[in-house]
Amino acid sequence: MALKLAQANEFVAFLPQANAMAQKVVGINQYLPQVEAADQLATKVQAKIPEIQSAGKQVATLDSDFDGIANTLTNGINEAQTGLDVLNKTQKVLPDLMTFSQTAQGVAGQLQSDLIPKLQAALPVIQKTVDQGLAITNQLATNISTDLTAVNSLLSQLKDDPNNAELKQALKEALQNLSDHTATLQTHATQLAATLQNLQDSYNQSAVTNGQPESHALDTPIKHLNTLATQLGVFKGQVDDLLAHYDDLSIDDLQTKINGLIQYADQVEDTVANIQAAHIGDSVKNMLDRFSTLIASGNAVLTQLNGEVLPKLPALLFNTQKTLQQAIDYLQKYAQQLPALKQEIHDANTLLNGNMGTIISGLNTASDVYQNDYPLLKNKLQLATSFINNDLPGIENDLTTTLNMANEKFPLVKTALNDATDLINNDWPFLRSGIQKGAEAIRKQQKTVDLKDLIKLLRRDATKESNFLAKPVELKEKHVYPIKTYGSASAPFYTALCLWVGALLLSNIVLTNFALDDKQKNQYTKKQQFIARWLTYIVIGVAQAVIVTLGNIFLLKAYIVDKLPLILLAVFLSMVFMTIVYVLAAMFGNVGKGIAMIVLVLSISGGGGNFPVVLSDQFFQFINPILPFKYGVNLLREPTGGIYAPNLWHNFIILALFAVVFFLIGLFLKDRINPFFEKLHKEATKSKIIH
């Protein structure tokens, strides 16, 4: 036994290490949601394996075709540069030709052989410039949309990790990229609109000179481009304002402002869509074809061409140059990034397609583990965590306490065992003989004495039985919202009764209809008369409630905790009762007054005013919930003993519903019901029994 105790003490010494290991299990359980989210993502991605494989093929195709794409971009730059050279040469020659045509008005052949060919060579450059400008406009609009998507994604990550400085900086850089792209697109849209405007002005001047009608085919595209430039200016202002105050804004403020950017970006996207739908390239091509025909037609005399058409051309060529130069700068910017982009695509192709088998195998394995093994692992970890958090501390405490007690009591146990051994060896034969004799004596007495009753009697606690007989029930009282006197407790019932009786008596004294002459009948509608007489009742009802409650307070000296609320609630209750009685009297006359009297009688027994309604007959229990008197008494009890807000508002709202429903019924149905009851009243009057 001593050996076992020593082994137990050695085990207790390892409890700190066991606790440390247990806390690691708890820590692992805390990461289960993240593991589960990762596994769910792996399962979702597994379903996308065909798309991943397709993406791998697309990346491989892009990698193999990249040199062709780069050559296409380079060719585009070279072609744009060639067009720019053509425009530069034409623009340099144009002033000399204009001077020549002014000084040599008769030399039309020189004009046809020198100026017109150069202009016709420049017109296709204008067409290509517009096409490139439109393509760049669409690309920049796509860049802005991509920037907004990146901004929104970074903001979502920042909301999950608000203190991540790298995410904050990345979001700021994404907003700066958005601002830069917006500024570029704004400048490009403005310049493209100016080029189109100069082209249309030049064509129209040439058309008028040749007796042809003007064209307005580019008016709508120019309008859309100018609108886009204006919207982009506003949008960039919002982005720049956000960047200026970026470091001072909270996550919620950033969310609000970025949501505003996204909403405004929808307007920009609509305008870009309008530009795309306008088929600007086709309109420009048609106009340039007609322009070339007009220039070469020779119908215009040299004076008209020199004085009206040629002055328009420098602005057209200049704006085309600026638009083309912007396109070249844009293309060169991306051409500089091609080597690095090529390497990145090649690396992505190598990584994705070179490891496609490993990726697919890993996804399948992760999904299989999540679907088959993870639920069991999760259940085991949760059970282990529950045991560590709930049961292990108690077991550890019990084990430590038990071992401490065992160590403390072991010498006594050892002594007791020694004594027991000595007893068995030395005294047991004598004790066994005595037990046998006692058993024999008990068997003899069983014939005359019921040992079960004797044992039961001996086990009783005489002190407890005497205390119970002396004081069988002990009451514990706890007063909640106490009211000192019975009369004060009954005051809400009699106050509500007083208000109902007052309303009933008033209906017998004050008429519900007006005595109007023909002029007044035409002047006031039935509904106006109904509301006016109702207000008379309400005013008297308010006065009645104030008098009753002041009498309770100052004359009867009733115990009331909240006096002012009592007065206000009594006024409200009087208005409700007055409304109900008034509507009954106004709609049904004496019959309505009789109904009000019946409600009063039923309320005294079924309203639960003086004793609980559960002690009443089943009929009164049934009608109790539909009696307004019940809610009126309960409403006045609140300020009497102390207000419990949920009870007060419950009764207040129900009474308000009673008043509103009765008022609306009287307002809209009185005129329809009155003819029938007026006839009934006339017949009743003829009986000379009731008035």
# chains A, B, ... in the order shown; residues from 1 in each chain; ligands from 1
call {"tool": "residues_around", "arguments": {"residues": "Asp131 (chain A)", "least_positions_apart": "4", "cutoff": "10 Å", "atoms": "only C-alpha atoms", "output": "VMD selection string"}}
result
chain A and resid 125 to 127 135 to 137 280 to 282 284 to 285
call {"tool": "write_last_selection", "arguments": {"atoms": "C-alpha atoms", "output": "PDB file, in the first residue's frame"}}
result
ATOM      1  CA  VAL A 125      -3.897  58.897 -89.629  1.00  0.00           C
ATOM      2  CA  ILE A 126      -6.828  60.710 -88.015  1.00  0.00           C
ATOM      3  CA  GLN A 127      -8.954  57.563 -88.420  1.00  0.00           C
ATOM      4  CA  ALA A 135      -9.402  51.462 -77.506  1.00  0.00           C
ATOM      5  CA  ILE A 136      -7.311  53.200 -74.851  1.00  0.00           C
ATOM      6  CA  THR A 137     -10.465  54.789 -73.403  1.00  0.00           C
ATOM      7  CA  ILE A 280     -17.659  56.471 -83.180  1.00  0.00           C
ATOM      8  CA  GLY A 281     -15.152  54.686 -85.439  1.00  0.00           C
ATOM      9  CA  ASP A 282     -17.746  54.101 -88.157  1.00  0.00           C
ATOM     10  CA  VAL A 284     -15.394  59.047 -88.202  1.00  0.00           C
ATOM     11  CA  LYS A 285     -14.589  56.777 -91.164  1.00  0.00           C
TER      12      LYS A 285
END
call {"tool": "residues_around", "arguments": {"residues": "His479 (chain A)", "least_positions_apart": "4", "cutoff": "12 Å", "atoms": "only C-alpha atoms", "output": "PyMOL selection string"}}
result
chain A and resi 483-484+641
call {"tool": "atom_distance", "arguments": {"atom1": "CA of Ala183 (chain A)", "atom2": "CA of Lys236 (chain A)"}}
result
6.8 Å
call {"tool": "residues_around", "arguments": {"residues": "region 245-261 of chain A", "least_positions_apart": "5", "cutoff": "10 Å", "atoms": "only C-alpha atoms", "output": "ChimeraX atom specification"}}
result
/A:148,151-152,155-156,158-159,162,168-169,171-172,175,235-236,238-240,266
call {"tool": "write_last_selection", "arguments": {"atoms": "C-alpha atoms", "output": "mmCIF file, in the first residue's frame"}}
result
data_model
loop_
_atom_site.group_PDB
_atom_site.id
_atom_site.type_symbol
_atom_site.label_atom_id
_atom_site.label_comp_id
_atom_site.auth_asym_id
_atom_site.auth_seq_id
_atom_site.Cartn_x
_atom_site.Cartn_y
_atom_site.Cartn_z
ATOM 1 C CA LEU A 148 -12.144 49.642 -57.540
ATOM 2 C CA VAL A 151 -9.794 48.649 -53.272
ATOM 3 C CA ASN A 152 -12.965 46.887 -52.109
ATOM 4 C CA LEU A 155 -10.924 47.077 -47.465
ATOM 5 C CA SER A 156 -12.653 43.759 -46.653
ATOM 6 C CA LEU A 158 -8.569 45.410 -43.480
ATOM 7 C CA LYS A 159 -11.918 45.108 -41.677
ATOM 8 C CA PRO A 162 -7.727 46.597 -38.663
ATOM 9 C CA LYS A 168 -3.435 49.976 -44.886
ATOM 10 C CA GLN A 169 -0.508 50.956 -47.119
ATOM 11 C CA LEU A 171 -5.149 50.143 -49.795
ATOM 12 C CA LYS A 172 -3.666 53.641 -49.972
ATOM 13 C CA LEU A 175 -6.472 54.397 -54.182
ATOM 14 C CA PHE A 235 -14.649 61.196 -59.311
ATOM 15 C CA LYS A 236 -10.949 62.093 -59.068
ATOM 16 C CA GLN A 238 -13.564 62.360 -54.378
ATOM 17 C CA VAL A 239 -10.600 59.962 -54.547
ATOM 18 C CA ASP A 240 -8.083 62.739 -53.839
ATOM 19 C CA ASP A 266 -21.602 53.171 -61.936
#
call {"tool": "residues_around", "arguments": {"residues": "region 572-580 of chain A", "least_positions_apart": "5", "cutoff": "8 Å", "atoms": "only C-alpha atoms", "output": "PyMOL selection string"}}
result
chain A and resi 496+499-500+503+534+537-538+541-542+544-545+632+655-656+658-659+662-663
call {"tool": "write_last_selection", "arguments": {"atoms": "C-alpha atoms", "output": "short mmCIF file (atom, residue, chain, number, x, y, z; two decimals), in the first residue's frame"}}
result
data_model
loop_
_atom_site.label_atom_id
_atom_site.label_comp_id
_atom_site.auth_asym_id
_atom_site.auth_seq_id
_atom_site.Cartn_x
_atom_site.Cartn_y
_atom_site.Cartn_z
CA ALA A 496 -61.96 53.75 -13.41
CA LEU A 499 -64.73 57.68 -15.19
CA TRP A 500 -66.94 55.17 -17.03
CA ALA A 503 -68.98 59.16 -19.50
CA TRP A 534 -66.36 64.18 -29.82
CA TYR A 537 -66.93 64.99 -24.77
CA ILE A 538 -63.12 64.78 -24.56
CA GLY A 541 -63.70 63.92 -19.84
CA VAL A 542 -60.32 65.57 -19.18
CA GLN A 544 -63.61 64.89 -14.97
CA ALA A 545 -60.34 62.91 -14.72
CA GLY A 632 -58.07 50.78 -17.31
CA LEU A 655 -56.50 51.08 -24.46
CA ALA A 656 -55.15 53.28 -27.25
CA PHE A 658 -59.70 50.52 -28.23
CA ALA A 659 -59.98 54.31 -28.63
CA PHE A 662 -63.99 52.92 -31.86
CA PHE A 663 -63.21 56.43 -33.17
#
call {"tool": "closest_residue", "arguments": {"among": "A:Thr485, A:Ser433, A:Thr495, A:Thr271", "to": "Val548 (chain A)", "atoms": "only C-alpha atoms"}}
result
A:Thr495
